[in-house]
Structures are given as structure tokens and as C-alpha cells.
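> The structure is given below, and queries will be raised subsequently.
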Amino acid sequence: MKLYTHPLSPYAAKVRIALDEKGLAFEEIALPVGRQGIRSKPAELLAANPRGQVPVLFDGDVALYDSTVVVEYLDEIAPEPPLLPRGAAARARARLAEDDGDWLMGGAVADLIAETFRKPDPATRDAQRIEAAAAAISAAYDRLEERLAKSEHVAGDAFGAADAAWFLPITCAALCGVAPAERHAHLAAWMQRVASRPSVARTMAILTGALAKLTD
């Protein structure tokens, strides 16, 4: 398998975590990035993904993009350990939970990143956009706190795709100044549990290493 990623992409991180959880060997091709995004995109990636985004997974003659599609493919070709629960209803709920994490990343967290990480000069930032993003993220934390008060993980009692989908947006939001509050005790405990997993720890090392080297 071959996986195109970049070190700051939560969606690529989700797939990397899934591959590591399942113990699948893969060649990772990390694209160069700056504060504004990917610096260059290989022809192979652009040919496989009309959106020009990461992740893109090549498995033999199969080429896939969109992190959710890739994770579900991995769950089918390597069922153990499962990243989606058994049973139609449980799987549907887990898919919704995963989608909620992706939606947060693509919406409020993306807005927060655009106004903070991509604008190092505070004078250039849109304060109203940051405030709206922070409010939406805090509301999402409240919803997740309620969910985690009832279960060990986002979609039940076992680690899965939904956990990976939520962990990275929360990490990105916290790095940009909107961390969970004291009232989010179950969320904080969950973050610690997830961060201790080797697959997640490896991805976090890649993220923090890239941030430390970023110059523009």
C-alpha cells in the first residue's frame, strides 16, 4: 500500500491511525506544506483524486480518496481490530459520529485555523469569525462531553474511526486557542486515553514535528 499524506492533515492522520491500528504495512509519501497548505501536488495524486486533496491510498490497482471511504475499505479488507462496530444500527451511529468530527474539522475548526494559524499577525484576523468558530467548537465539546459520559469512546466501548475523526479536530482547535474547558472532564479523560495509543502517539509526533519545523 502507498498513502499520500501531509503532516498537518487531520484527514490523512485518521487514515494513518487506522493503518497502524490494523498493523498494515504501507509506504507513506508526505507532501511538503506551509501555513497556507500543500506546496506541490504530484501528478499521481491529481490523477487519482480530482479534488487534489490528501489522503489518497493506493492498494494495488485500487486508488481511493476521502478518509471515510479509505477507513471503511481498510475495515473490510482487514476486519480485525474493527474500526466500526458490528450491527447495522451501531455502524450507522458510528458513521454519524465520525461524520460529525469531519464536519467540525471542515467547518468551525477550519475557520479557526484560517484566522489564527494562517494569519500569524493578529492585526489581520477577523475577530468575529474567530468568535463564531470558538462558539461552535465549544458547543461541539458540550455534545461530545455528554456522549462520553455514557461510554468510553465516541461510538461505544472500543476505539474506532469516530475517535480518530474527533481527536484530530480537537487537537487542532486546542493548538489554535480553543481547548476543552474544565466542564469537559469526560472529554479530557478520553483525550488522554486516545493520546496514549501508539497509533495516535505516532501521528501526534508527526504533527508536532512538522509544526516545529514550519517557517511560513
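Every chain in the C-alpha cells has a letter given in the order shown (A, B, ...), and although residue numbers restart at 1 in each chain, ligands are simply numbered from 1 in the order shown.
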Which polymer residues have any atom within 12 Å of an atom of range 29-43 of chain A, counting only C-alpha atoms, with same-chain residues fewer than 2 positions away left out, as a ChimeraX atom specification?
/A:1-9,12-13,16,26-27,45-58,110,113-120,206-207,210-216
> Among the residues of chain A, find those DSSP assigns to helix (DSSP H, G or I) from the backbone and print them as a ChimeraX atom specification.
/A:10-22,43-48,67-77,88-115,122-124,127-148,161-175,185-195,198-213
> Keeping only C-alpha atoms, take the residues you just selected and write them out as a tab-separated table (two decimals), in the first residue's frame.

```
chain	number	residue	atom	x	y	z
A	10	PRO	CA	-6.32	15.56	10.24
A	11	TYR	CA	-7.93	13.50	7.48
A	12	ALA	CA	-4.62	11.92	6.49
A	13	ALA	CA	-3.91	11.35	10.18
A	14	LYS	CA	-7.20	9.46	10.53
A	15	VAL	CA	-6.15	7.04	7.80
A	16	ARG	CA	-2.61	6.68	9.17
A	17	ILE	CA	-4.07	5.83	12.58
A	18	ALA	CA	-6.38	3.25	11.01
A	19	LEU	CA	-3.49	1.59	9.15
A	20	ASP	CA	-1.38	1.50	12.31
A	21	GLU	CA	-4.25	0.13	14.41
A	22	LYS	CA	-4.64	-2.73	11.96
A	43	ALA	CA	0.69	14.12	-10.86
A	44	GLU	CA	-0.17	10.68	-9.49
A	45	LEU	CA	-2.23	12.22	-6.69
A	46	LEU	CA	-4.02	14.63	-9.02
A	47	ALA	CA	-4.83	11.83	-11.44
A	48	ALA	CA	-6.32	9.68	-8.67
A	67	SER	CA	-10.70	9.49	4.64
A	68	THR	CA	-14.06	7.94	5.49
A	69	VAL	CA	-14.09	5.84	2.31
A	70	VAL	CA	-10.50	4.77	2.90
A	71	VAL	CA	-11.12	3.75	6.52
A	72	GLU	CA	-14.18	1.72	5.57
A	73	TYR	CA	-12.14	-0.02	2.85
A	74	LEU	CA	-9.45	-0.88	5.39
A	75	ASP	CA	-12.10	-2.23	7.76
A	76	GLU	CA	-13.36	-4.54	5.03
A	77	ILE	CA	-10.00	-5.89	3.85
A	88	ALA	CA	-26.32	-2.11	11.13
A	89	ALA	CA	-27.67	0.31	13.74
A	90	ALA	CA	-24.40	0.55	15.66
A	91	ARG	CA	-22.43	1.07	12.46
A	92	ALA	CA	-24.80	3.78	11.28
A	93	ARG	CA	-24.46	5.62	14.60
A	94	ALA	CA	-20.67	5.28	14.42
A	95	ARG	CA	-20.66	6.65	10.87
A	96	LEU	CA	-22.70	9.65	12.00
A	97	ALA	CA	-20.31	10.24	14.89
A	98	GLU	CA	-17.35	10.08	12.53
A	99	ASP	CA	-19.06	12.44	10.12
A	100	ASP	CA	-19.70	14.90	12.96
A	101	GLY	CA	-15.96	15.01	13.66
A	102	ASP	CA	-15.17	15.54	9.98
A	103	TRP	CA	-17.86	18.22	9.74
A	104	LEU	CA	-16.38	20.06	12.72
A	105	MET	CA	-12.92	19.91	11.13
A	106	GLY	CA	-14.21	21.12	7.78
A	107	GLY	CA	-16.31	23.89	9.32
A	108	ALA	CA	-15.61	25.70	12.58
A	109	VAL	CA	-12.10	24.32	13.11
A	110	ALA	CA	-11.14	25.17	9.53
A	111	ASP	CA	-12.37	28.73	10.11
A	112	LEU	CA	-10.35	28.96	13.32
A	113	ILE	CA	-7.22	27.68	11.57
A	114	ALA	CA	-7.72	30.13	8.71
A	115	GLU	CA	-7.88	33.11	11.09
A	122	PRO	CA	-3.22	39.20	14.95
A	123	ALA	CA	-3.98	42.56	13.34
A	124	THR	CA	-5.05	40.80	10.13
A	127	ALA	CA	-12.32	38.59	15.32
A	128	GLN	CA	-15.99	37.89	14.59
A	129	ARG	CA	-15.13	34.81	12.56
A	130	ILE	CA	-12.89	33.55	15.37
A	131	GLU	CA	-15.62	34.17	17.95
A	132	ALA	CA	-18.21	32.31	15.88
A	133	ALA	CA	-15.85	29.38	15.33
A	134	ALA	CA	-14.98	29.20	19.03
A	135	ALA	CA	-18.67	29.16	19.97
A	136	ALA	CA	-19.40	26.33	17.53
A	137	ILE	CA	-16.40	24.33	18.75
A	138	SER	CA	-17.37	24.79	22.40
A	139	ALA	CA	-20.89	23.61	21.62
A	140	ALA	CA	-19.42	20.54	19.92
A	141	TYR	CA	-17.33	19.87	23.03
A	142	ASP	CA	-20.53	20.01	25.11
A	143	ARG	CA	-22.22	17.43	22.86
A	144	LEU	CA	-19.21	15.15	22.95
A	145	GLU	CA	-18.92	15.50	26.74
A	146	GLU	CA	-22.49	14.25	27.07
A	147	ARG	CA	-21.74	11.30	24.82
A	148	LEU	CA	-18.53	10.38	26.64
A	161	ALA	CA	-12.92	5.56	13.36
A	162	ALA	CA	-15.12	8.04	15.20
A	163	ASP	CA	-12.47	8.51	17.88
A	164	ALA	CA	-9.81	9.26	15.27
A	165	ALA	CA	-12.19	11.63	13.49
A	166	TRP	CA	-12.79	13.66	16.67
A	167	PHE	CA	-9.32	13.57	18.24
A	168	LEU	CA	-7.53	15.48	15.50
A	169	PRO	CA	-10.00	18.39	15.15
A	170	ILE	CA	-9.99	18.87	18.91
A	171	THR	CA	-6.20	18.82	18.93
A	172	CYS	CA	-6.10	21.39	16.11
A	173	ALA	CA	-8.64	23.62	17.83
A	174	ALA	CA	-6.70	23.48	21.10
A	175	LEU	CA	-3.47	24.39	19.29
A	185	ALA	CA	-13.97	16.28	32.32
A	186	HIS	CA	-15.06	13.17	30.42
A	187	LEU	CA	-13.73	14.66	27.20
A	188	ALA	CA	-10.37	15.40	28.85
A	189	ALA	CA	-10.12	11.83	30.16
A	190	TRP	CA	-10.98	10.47	26.71
A	191	MET	CA	-8.30	12.66	25.11
A	192	GLN	CA	-5.72	11.19	27.48
A	193	ARG	CA	-6.82	7.62	26.72
A	194	VAL	CA	-6.72	8.15	22.98
A	195	ALA	CA	-3.40	10.02	23.06
A	198	PRO	CA	0.71	4.01	19.90
A	199	SER	CA	-1.05	4.78	16.61
A	200	VAL	CA	-2.20	8.17	17.84
A	201	ALA	CA	1.09	8.96	19.57
A	202	ARG	CA	2.93	8.37	16.29
A	203	THR	CA	0.63	10.70	14.39
A	204	MET	CA	0.94	13.35	17.10
A	205	ALA	CA	4.74	13.14	16.86
A	206	ILE	CA	4.48	13.73	13.10
A	207	LEU	CA	2.19	16.72	13.66
A	208	THR	CA	4.27	18.37	16.37
A	209	GLY	CA	7.49	17.71	14.46
A	210	ALA	CA	6.08	19.41	11.36
A	211	LEU	CA	4.86	22.39	13.37
A	212	ALA	CA	8.29	22.81	14.96
A	213	LYS	CA	9.93	22.98	11.52
```
> At what distance in Å, to one decimal, does CA of His153 in chain A lie from CA of Val178 in chain A?
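One can read the CA of Val178 in chain A to CA of His153 in chain A distance as 21.5 Å.
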> Mind pulling up the distance from CA of Leu24 in chain A to CA of Ala158 in chain A?
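CA of Ala158 in chain A sits 19.3 Å away from CA of Leu24 in chain A.
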